[in-house]
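Participant: This is the structure, below, for whatever I ask next.
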Amino acid sequence: MSHRVDYAVVGGGPAGLAVAILAALAGRRAVVIDRKHGPVDKACGEGLMPPGVVWLRRMGVEIPAQDARPFRGIRYVDGDATAEASFVEGPGLGIRRTVLSSAMEARAAALGVELRHDCEAGAVADRADHVVLHTTHGELEARWLVGADGLHSHVRKACGFAVTTGRRRRFGIRRHFRVAPWSDVVEVHWADGVEAYVTPVGPDRVGVAFLWSAARGSRPSYDAFLARFPALRARLGPAAGCPETTVRGAGPFDVRVKPIARGRVLLVGDASGYLDAITGEGLSLAFASAAALVEATTGEDASAYPRACARVRRRHLALTRLVLWVAEHPGLRRQVIRALARSPDAFRAFLALNTGARGWAGALPALGRLGWRLMTTLAADLPAARRRTRGPLLHR
């Protein structure tokens with residue numbers, strides 16, 4: 001026997017739960033379907049940027065203080081080059097993915113959202129005024145079907161959405177260590193070919209995630225990556241040898257989906273496409289996209305949803321591509337970090353642009369000064385680099 005609701009949401013992670021919560025707050029009915037039981041975990045840097053913290057407040061999601069850790073900004077570390085800056089709009093929040101999912105599940109349930117765990121989504125039939133979803137818990141009819149089931153989305157595949165992948169094959173792995181955080185910022189440690197992200201996620205716990213590019217068939221080693229950051233390993237101390245959690249991985253990233261809505265089927269979160277985790281805005285964007293989805297589906301025409309998502313993502317995609325390009329050029333990367341250290345106002349402006357606290361007009365003056373100083377430094381270094389290259393030849 002079928003069951004009619006407003007939204008059938010496949011995927012019980014933060015993106016899917018955000019759709020359900022915001023739908024319930026708008027007076028609509030949602031069912032969340034997830035093939036696993038309990039809070040959904042995944043490889044994640046677990047640093048919720050300031051806009052994501054604001055979205056949690058808007059949704060009424062309460063996070064126990066003892067299960068999270070605020071952070072005031074970002075620190076870049078590349079050898080002896082270090083730069084840091086604080087967010088202009090308030091702190092972010094370091095939080096285990098399981099804690100976040102539990103809190104969002106509790107809020108959704110309190111609002112009357114039906115949560116179906118251990119439930120597999122199956123075939124989909126897109127009708128004129130509703131969608132029929134077959135699941136292992138029975139047939140479900142809904143005005144809208146929402147695919148919020150991650151990078152390798154079942155809904156996306158079952159409904160024939162076109163997917164392309166970028167040239168980069170970037171992956172991430174993460175685990176936790178029982179050690180008191182030594183900093184009130186998220187640290188990004190750089191080495192050639194890999195980055196380490198250190199996030200305080202509680203009063204006595206840090207998460208350490210690695211992002212890197214890999215060729216097909218290569219096998220990553222968490223311990224080998226950690227060994228490439230001796231200063232970080234020393235900070236972890238004895239905890240480095242006895243991690244609290246096992247390795248969890250994700251990837252490859254750079255998945256592009258177009259369109260993200262077909263008929264009455266809409267994609268949100270990673271299922272709708274993903275570039276990279278390097279700027280840390282994934283969850284904030286997922287929450288903003290969930291709000292756009294609910295707003296766009298007030299009536300019977302969801303065509304506003306893809307346009308709204310494109311507006312939400314445009315700046316993020318541009319900045320992420322920029323940071324990825326800089327990261328791939330080690331010499332330039334170190335010069336940029338040194339320039340940011342000399343110009344903390346420019347670093348703050350970049351963070352504000354990334355989180356949306358400032359627009360381009362507000363950020364460009366400081367970033368323009370940074371660019372000029374960086375070009376001046378690089379121009380001064382170029383003749384010396386040429387002399388070093390020519391020197392041995394002149395003495396042959």
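Following the order of the structure tokens, chains are lettered A, B, ..., residues in each are numbered from 1, and ligands are numbered from 1.
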Taking 5 positions as the minimum chain separation for residues in the same chain, which residues sit within 9 Å of Trp190 of chain A when counting only C-alpha atoms? Answer as an MDAnalysis selection string.

Facilitator: chainID A and resid 76:79 195:197 229 327 330 333

Participant: Would you mind writing down, as a ChimeraX atom specification, each residue of segment 214-387 of chain A that DSSP on the backbone assigns to helix (DSSP H, G or I)?

Facilitator: /A:222-227,230-241,269-272,282-296,304-327,330-342,344-355,360-387

Participant: Go through segment 32-117 of chain A and flag each residue having an atom no more than 10 Å from segment 257-279 of chain A; for those, report the closest pair of atoms plus their distance in Å to one decimal, using only C-alpha atoms, ordered by chain and rising number, as a tab-separated table.

Facilitator:
```
residue	atom	partner	partner_atom	distance
A:Cys44	CA	A:Ala277	CA	8.4
A:Gly45	CA	A:Ala277	CA	8.0
A:Met49	CA	A:Thr279	CA	9.6
```

Participant: Hey, can you check how far atom CA of Trp144 of chain A sits from atom CA of Thr297 of chain A?

Facilitator: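 Atom CA of Trp144 of chain A sits 8.1 Å away from atom CA of Thr297 of chain A.
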
Participant: Quick one: DSSP strand (DSSP E or B) residues in segment 172-236 of chain A, as number ranges by chain?

Facilitator: A: 172-177, 185-191, 194-202, 205-213

Participant: Neighbours of Arg69 of chain A within 10 Å (only C-alpha atoms; same-chain residues fewer than 3 positions away dropped), as a list in words?

Facilitator: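 Listed by chain and then number, they are Gly47, Pro64, Ala65, Gln66, Pro91, Gly92, Leu93, Gly94, Ile95, Arg96, Pro181, Asp184, Val185, Thr199, Pro200, Val201, Gly202, Pro203, Asp204, Arg205 and Val206 of chain A.
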
Participant: In Å, with one decimal, what is the gap from atom CA of Gln335 of chain A to atom CA of Leu374 of chain A?

Facilitator: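 Value for the atom CA of Gln335 of chain A-atom CA of Leu374 of chain A distance: 7.3 Å.
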
Participant: Counting only C-alpha atoms, what is within 12 Å of Leu370 of chain A, bar same-chain residues fewer than 6 positions away, as a PyMOL selection string?

Facilitator: chain A and resi 335-350+363-364+376-377

Participant: Please provide the set of residues having any atom within 7 Å of segment 290-295 of chain A, restricted to only C-alpha atoms, with same-chain residues fewer than 6 positions apart removed, written as a list of chain:residue names.

Facilitator: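 The residues that qualify are A:Ala15, A:Ala18, A:Val19, A:Leu22, A:Ala23, A:Val268, A:Tyr305, A:Ala308, A:Cys309.
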
Participant: Store the residues picked out above, limited to N, CA and C atoms, as a compact mmCIF listing (two decimals), in the first residue's frame.

Facilitator:
```
# COMPACT_ATOMS: atom_id res chain seq x y z
N ALA A 15 22.83 16.60 4.46
CA ALA A 15 22.08 17.24 3.37
C ALA A 15 20.63 16.77 3.36
N ALA A 18 18.75 18.01 6.41
CA ALA A 18 18.45 19.44 6.30
C ALA A 18 17.21 19.66 5.46
N VAL A 19 17.07 18.93 4.35
CA VAL A 19 15.86 19.05 3.53
C VAL A 19 14.64 18.69 4.36
N LEU A 22 13.94 21.45 7.15
CA LEU A 22 13.43 22.69 6.58
C LEU A 22 12.04 22.50 5.99
N ALA A 23 11.78 21.31 5.43
CA ALA A 23 10.44 21.01 4.93
C ALA A 23 9.44 20.99 6.08
N VAL A 268 20.68 16.83 -4.14
CA VAL A 268 21.19 17.82 -3.20
C VAL A 268 22.44 17.27 -2.53
N TYR A 305 15.11 25.79 -8.65
CA TYR A 305 16.11 25.15 -7.81
C TYR A 305 17.50 25.10 -8.45
N ALA A 308 19.02 28.56 -8.38
CA ALA A 308 19.42 28.98 -7.03
C ALA A 308 20.71 28.29 -6.60
N CYS A 309 20.84 27.00 -6.92
CA CYS A 309 22.05 26.27 -6.56
C CYS A 309 23.26 26.82 -7.30
```

Participant: Using only C-alpha atoms, which of A:Arg358, A:Gly241, A:Met59, A:Arg313 sits nearest Ala108 of chain A?

Facilitator: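 Looking at the shortest contact to Ala108 of chain A, the residue is A:Met59.
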
Participant: Take atom CA of Arg107 of chain A and atom CA of Gly280 of chain A and report the distance between them in Å, one decimal.

Facilitator: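 Pair atom CA of Arg107 of chain A / atom CA of Gly280 of chain A returns 24.1 Å.
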
Participant: Kindly indicate which residue among A:Phe287, A:Glu120, A:Pro220, A:Val208 lies nearest to Ile21 of chain A, using only C-alpha atoms for the distances.

Facilitator: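 Ranked by minimum distance to Ile21 of chain A, first place goes to A:Phe287.
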
Participant: Taking only C-alpha atoms into account, which of A:Glu84, A:Glu62, A:Asp223, A:Glu46 comes nearest Ser284 of chain A?

Facilitator: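 Using only C-alpha atoms, the shortest distance to Ser284 of chain A belongs to A:Glu46.
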
Participant: Would you mind listing what lies within 12 Å of Arg233 of chain A as an NGL selection string, with only C-alpha atoms counted and same-chain residues fewer than 6 positions away left out?

Facilitator: :A and (177 or 179 or 189 or 196 or 198 or 208 or 222-227 or 239-243)

Participant: Which of these residues is nearest to Leu151 of chain A, using only C-alpha atoms: A:Leu111, A:Val163, A:Val31, A:Leu324?

Facilitator: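 Ranking A:Leu111, A:Val163, A:Val31, A:Leu324 by distance to Leu151 of chain A, first place goes to A:Val163.
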